[in-house]
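Q: Here you go, one structure.
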Amino acid sequence: MTAISDREQLGYIAAQAADARVNVEIETEGMTLNIGPQHPATHGTLRIVARLDGEQVIAADPIMGYMHRGYEKLAEVRTYPQVTTLINRIDWVGSFANEVPFILAAEKLMDVEAPPRAAWIRTILFEMSRIANISLFLGDMGLQVGAVTPAFFAFRDREHVLNQIEAATGGRFHPNFDRIGGLKDDLPAGWIAETKRAMKKIRSFCDEIEGLLQGNEIFEARCRGIGVIPADVGLSYGLSGANIRASGVNWDTRRDNPCGLVHSELDWKVWTHPDGDSFARFWVRLQEVRESTKMVDQLCDGLPSGPVMAKVPRIIKVPAGEAYVETENPLGVMGYYVVSKGDLTPYRVKIRSASFNNISITPWLLKGVYVPDIVTILGSLYFILGDIDR
Amino acid sequence: MTDVAILGELAYWQQTGIRVGVGLAAVLLVAGTLVYVHLFKLVSFMQSRLGPMEAGPFGSLQLLAEVGKFLQKEDIFPRKADRFVFAAAPFVVLMSTFLLVVVVPGGPDAWFINSELGIYLAMAVSSVSVIGILMAGWGSASKYSLLGGLRATGQLIAYELPLILAVMGVVIQAETMNMQGIVQAQADGEIFGWGGIGNPYILTQFVAFVIFMIAMQAELTQTPFDMPIAESELVTGYMTEYSGMRFLLFFIGEFATAGVFSAIASVLFLGGWWAPIPGLGFDDNVWNLLGPLVLVTKVVVLTFIIFWARFSLPRFREDQLQQLAWKVLIPLSLANIVVTAVLKIVF
């Protein structure tokens with residue numbers, strides 16, 4: 001009898017102690033939220049596994065590879081002109097820009113130089129694919145923070161640029177227009193005037209986006225101070241493009257390391273922003289689109305005459321050697337490291353795509369933010385899934 | 001105001017039947033109109049789109065096509081869902097809408113109930129939808145839904161307060177909680193001795209009107225307060241797992257509630273079914289026919305503001321929207337009550 005009551009007593013004390021412990025430190029269990037691979041926020045098949053405490057992110061891991069297409073390996077069994085068909089699809093919203101660094105690397109190996117007219121037209125199309133790419137971002141940024149209308153404006157005005165790319169190359173999304181030694185064709189008649197008109201429309205689109213988002217209290221509240229990347233951290237993670245320029249690093253491959261393209265002959269400015277937050281990334285990209293439209297205007301005015309194709313053999317055999325060329329693509333620095341053994345096909349192609357490095361910072365950046373900020377930050381980092389997974 | 005003359009001679013079940021029919025029509029027709037005019041056409045115009053063009057004249061039958069589409073879809077239950085809660089949630093949400101419309105008067109004799117506590121009842125039953133949303137969030141057995149449901153609950157409770165406090169100013173000024181009485185007070189009111197347009201309380205209670213509209217936007221979980229739905233991060237929040245007919249109920253509920261809340265706002269601030277038409281007395285029988293039309297016109301105007309904001313603004317983060325409610329709207333509405341009360345005593 002006494003033994004039982006003792007046991008009861010003990011049980012009671014234990015329960016008290018347990019209660020006391022709970023009262024002292026309430027330990028709540030975190031929740032693992034699996035964002036993606038099928039999710040509207042990631043515009044593609046990126047998966048983010050986030051450990052949440054309430055709405056706060058404790059840890060977030062991006063998991064990539066759901067769309068890996070093995071382009072580096074596939075390129076090894078394709079001839080050099082065939083490779084452009086593949087690499088078009090890396091960053092599919094600014095596809096022409098993908099072809100340029102590869103072709104430049106091949107030209108470097110072959111020691112061929114494109115005629116001036118080809119280089120100028122290349123630069124025009126390069127900048128137009130930047131406009132097509134980043135105007136999508138400008139609309140998408142609004143969408144990520146909840147404003148639907150900018151996205152429709154973006155798709156409406158992006159069309160003007162895509163029409164021009166299509167008129168010149170025949171391909172709306174995948175031009176496949178760049179050739180070793182020049183371009184497939186010259187520009188069609190009337191293209192220049194129409195392009196300038198399109199650039200005017202893009203500039204008014206930029207003003208519209210600025211009016212809709214920039215200065216809107218809610219947009220600024222959602223973006224300012226969210227996802228701040230200090231310059232040194234950004235550099236150590238290998239960020240490039242507008243993402244690093246928004247952190248105040250004045251680095252643009254177009255200006256600092258021009259190879260093959262004619263940016264050095266134009267009057268333009270590299271925009272930077274000191275803040276490094278989501279708003280800065282939005283702002284820098286907005287200015288970059290404007291700068292690109294000005295560049296295209298200048299390029300259209302100063303277009304030299306002449307052939308668009310250098311003398312290259314019909315069957316392209318690249319002499320043995322290796323070359324690395326990188327350009328400032330819409331999403332950041334994109335480079336191709338091409339190793340040739342003197343065959344019809346490259347021996348090895350290593351693709352340095354911007355988005356892969358740009359999202360590598362996400363585990364660091366997403367720590368401690370709220371769930372809604374995840375999409376703001378991912379949206380402002382701006383990646384294209386094809387550019388991550390290749 | 002006595003009981004409706006025609007209805008007085010009918011049996012109770014007949015009266016109830018008529019009321020239910022008219023209530024359904026009042027909610028669903030208005031909701032359909034709002035979806036077509038605002039969601040399909042107005043927004044398309046704002047976003048440089050055409051909107052539906054093919055179904056019927058100017059695409060006006062598109063709505064029927066959409067309803068037909070949703071009715072054909074499979075009604076999917078997630079495997080781990082709490083089936084009863086999951087199934088019941090859309091009905092609970094829609095129920096609060098139908099309970100709300102009950103208090104809105106459409107004419108001197110055209111009303112469902114003429115309670116002395118009209119607006120009080122409306123504010124009370126409008127919170128029922130929170131339960132439905134929480135049920136949907138919990139019953140879906142999905143993390144997105146749960147987060148959405150919790151966000152909705154926090155938000156709706158926070159914005160209930162400014163909503164009620166904004167109404168208080170009107171109630172003080174009209175000296176009644178009866179909706180019919182509020183309409184009459186505005187019709188009989190005078191602006192500095194001039195009674196040409198009565199005294200719609202949007203003039204004297206402008207602060208309350210703005211607070212009411214903002215809080216209403218939040219109660220309806222429309223952008224910029226659509227954190228519970230937040231399609232870019234939570235897919236569609238508490239509605240994520242719903243499909244077919246139950247999703248349609250949520251969808252109708254969203255627009256019907258927008259209509260009904262706007263009707264309440266137009267009763268409180270824009271004079272309800274009454275309009276300054278010379279030669280028509282307040283109790284004139286014509287108002288029973290004209291009143292609902294006037295009311296719907298005001299509803300369309302107010303919902304236009306709702307959808308205008310919805311499609312041009314980004315959304316708040318939920319801590320920001322809580323801050324807006326507790327730090328800005330509630331102090332402001334309390335100040336409004338104090339000022340209204342003082343002025344009421346002074347004048």
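Convention: chains lettered A, B, ... in structure tokens order; per-chain residue numbering from 1; ligands numbered from 1 as shown.
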Counting only C-alpha atoms, a student should be able to say which residues of chain A come within 8 Å of chain B; what is the right answer, written as a PyMOL selection string?
A: chain A and resi 33+39-41+142-149+152-153+156+212+218-219+221-222+371-372+374-375
Q: Please return as a list in words: the residues of range 198-242 of chain B that backbone DSSP assigns to helix (DSSP H, G or I).
A: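 Result set for range 198-242 of chain B (helix (DSSP H, G or I)): Tyr201, Ile202, Leu203, Thr204, Phe206, Val207, Ala208, Phe209, Val210, Ile211, Phe212, Met213, Ile214, Ala215, Met216, Gln217, Ala218, Glu219, Gly237, Tyr238 and Met239 of chain B.
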Q: Which residues are near range 115-124 of chain B? Cut-off 7 Å, only C-alpha atoms, ignore same chain within fewer than 6 positions. Put them as a list in words.
A: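 Contacts, in chain order: Leu100, Val103, Ile164, Met177, Asn178 and Met179 of chain B.
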Q: Using only C-alpha atoms, determine which residues lie at most 12 Å from Val342 in chain B, disregarding the query and same-chain residues fewer than 4 positions distant; provide the list as a ChimeraX atom specification.
A: /B:169,172-173,335-338,346-347
Q: Would you list the contacts of Ala105 in chain A as a list in words, taking every protein, DNA or RNA residue within 10 Å and counting only C-alpha atoms, but skipping same-chain residues closer than 2 positions in sequence?
A: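 In the requested format, the answer is Val100, Pro101, Phe102, Ile103, Glu107, Lys108, Leu109, Met110, Asp111, Ile180, Cys259, Gly260, Glu322, Ala323, Tyr324, Val325, Glu326, Gly335, Tyr336, Tyr337, Val338 and Val339 of chain A.
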Q: Just want the 9 Å neighbourhood of Phe250 in chain B, counted on only C-alpha atoms, with same-chain residues fewer than 6 positions away dropped. Output as a PyMOL selection string.
A: chain B and resi 89-91+93-94+239+242
Q: What's around Phe126 in chain A at 8 Å? Count only C-alpha atoms, leave out sequence neighbours fewer than 4 positions away in its own chain, and write the answer as a list in words.
A: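 My reading of the contact set: Phe96, Ala97, Val100, Arg122 and Arg130 of chain A.
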